[in-house]
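Novice: This is the structure I want to talk about, given as structure tokens.
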Amino acid sequence: MKEEKESLNFEETMHQLELIVQELENGDLNLDDSIKKFEQGMKLSKNASDYLEEAEKKITKLVKQDNQETLKEEEF
């Protein structure tokens with residue numbers, strides 16, 4: 001799944017996650033397939049969270065560079 005994170009951008013990751021949620025909500029999968037899909041979804045969720053954390057760090061760094069001395073939170 002690490003390879004998937006590198007090959008999928010945030011939007012693609014979210015799209016894949018939405019597809020998995022739809023499959024699980026349909027209830028047509030057997031237990032084993034449901035568990036596999038759930039595991040896959042959890043990994044995608046983690047990847048999406050990592051993307052967001054990384055974006056937040058970049059924004060914080062940019063804001064800090066702008067202000068040089070102090071860091072302040074700004075709404076976007």
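Labels for the structure tokens follow display order: chains A, B, ..., residues from 1 in each chain, ligands from 1.
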List as a list in words the protein and nucleic acid residues near region 15-28 of chain A, meaning an atom at most 10 Å away when only C-alpha atoms are counted, but skip any in the same chain fewer than 6 places from it.
Specialist: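 Result of the neighbour search: Leu8, Asn9, Ser34, Ile35, Lys37, Phe38, Gln40, Gly41, Met42, Lys43, Leu44, Ser45 and Ala48 of chain A.
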Novice: Can I get the selection written as a PDB file, in the first residue's frame, with N, CA and C atoms?
Specialist:
```
ATOM      1  N   LEU A   8      -0.761   7.733  -5.868  1.00  0.00           N
ATOM      2  CA  LEU A   8      -2.050   8.414  -5.820  1.00  0.00           C
ATOM      3  C   LEU A   8      -1.898   9.774  -5.156  1.00  0.00           C
ATOM      4  N   ASN A   9      -2.516  10.797  -5.754  1.00  0.00           N
ATOM      5  CA  ASN A   9      -2.526  12.088  -5.077  1.00  0.00           C
ATOM      6  C   ASN A   9      -3.681  12.096  -4.074  1.00  0.00           C
ATOM      7  N   SER A  34     -15.053  -8.121   2.768  1.00  0.00           N
ATOM      8  CA  SER A  34     -15.362  -6.918   3.536  1.00  0.00           C
ATOM      9  C   SER A  34     -14.190  -6.522   4.421  1.00  0.00           C
ATOM     10  N   ILE A  35     -13.577  -7.497   5.052  1.00  0.00           N
ATOM     11  CA  ILE A  35     -12.424  -7.223   5.914  1.00  0.00           C
ATOM     12  C   ILE A  35     -11.263  -6.684   5.087  1.00  0.00           C
ATOM     13  N   LYS A  37     -11.439  -5.077   2.230  1.00  0.00           N
ATOM     14  CA  LYS A  37     -11.803  -3.727   1.812  1.00  0.00           C
ATOM     15  C   LYS A  37     -11.665  -2.749   2.972  1.00  0.00           C
ATOM     16  N   PHE A  38     -12.067  -3.180   4.156  1.00  0.00           N
ATOM     17  CA  PHE A  38     -11.940  -2.327   5.337  1.00  0.00           C
ATOM     18  C   PHE A  38     -10.473  -2.007   5.606  1.00  0.00           C
ATOM     19  N   GLN A  40      -8.010  -2.048   3.454  1.00  0.00           N
ATOM     20  CA  GLN A  40      -7.570  -1.176   2.380  1.00  0.00           C
ATOM     21  C   GLN A  40      -8.048   0.263   2.638  1.00  0.00           C
ATOM     22  N   GLY A  41      -9.278   0.396   3.074  1.00  0.00           N
ATOM     23  CA  GLY A  41      -9.828   1.705   3.387  1.00  0.00           C
ATOM     24  C   GLY A  41      -9.095   2.383   4.531  1.00  0.00           C
ATOM     25  N   MET A  42      -8.717   1.622   5.538  1.00  0.00           N
ATOM     26  CA  MET A  42      -7.980   2.187   6.670  1.00  0.00           C
ATOM     27  C   MET A  42      -6.613   2.699   6.223  1.00  0.00           C
ATOM     28  N   LYS A  43      -5.959   1.961   5.339  1.00  0.00           N
ATOM     29  CA  LYS A  43      -4.662   2.407   4.819  1.00  0.00           C
ATOM     30  C   LYS A  43      -4.825   3.675   3.990  1.00  0.00           C
ATOM     31  N   LEU A  44      -5.863   3.721   3.164  1.00  0.00           N
ATOM     32  CA  LEU A  44      -6.112   4.913   2.365  1.00  0.00           C
ATOM     33  C   LEU A  44      -6.445   6.107   3.261  1.00  0.00           C
ATOM     34  N   SER A  45      -7.197   5.861   4.323  1.00  0.00           N
ATOM     35  CA  SER A  45      -7.538   6.909   5.268  1.00  0.00           C
ATOM     36  C   SER A  45      -6.278   7.472   5.930  1.00  0.00           C
ATOM     37  N   ALA A  48      -4.464   9.615   3.391  1.00  0.00           N
ATOM     38  CA  ALA A  48      -5.126  10.908   3.244  1.00  0.00           C
ATOM     39  C   ALA A  48      -4.779  11.812   4.428  1.00  0.00           C
TER      40      ALA A  48
END
```
Novice: For CA of Asp50 (chain A) and CA of Met14 (chain A), determine how far apart the two atoms are, in Å to one decimal place.
Specialist: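 We find that CA of Asp50 (chain A) and CA of Met14 (chain A) lie 12.2 Å from each other.
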Novice: Could you tell me how far CA of Asp33 (chain A) sits from CA of Ser7 (chain A), in Å to one decimal place?
Specialist: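 About the pair CA of Ser7 (chain A) and CA of Asp33 (chain A): they are 23.7 Å apart.
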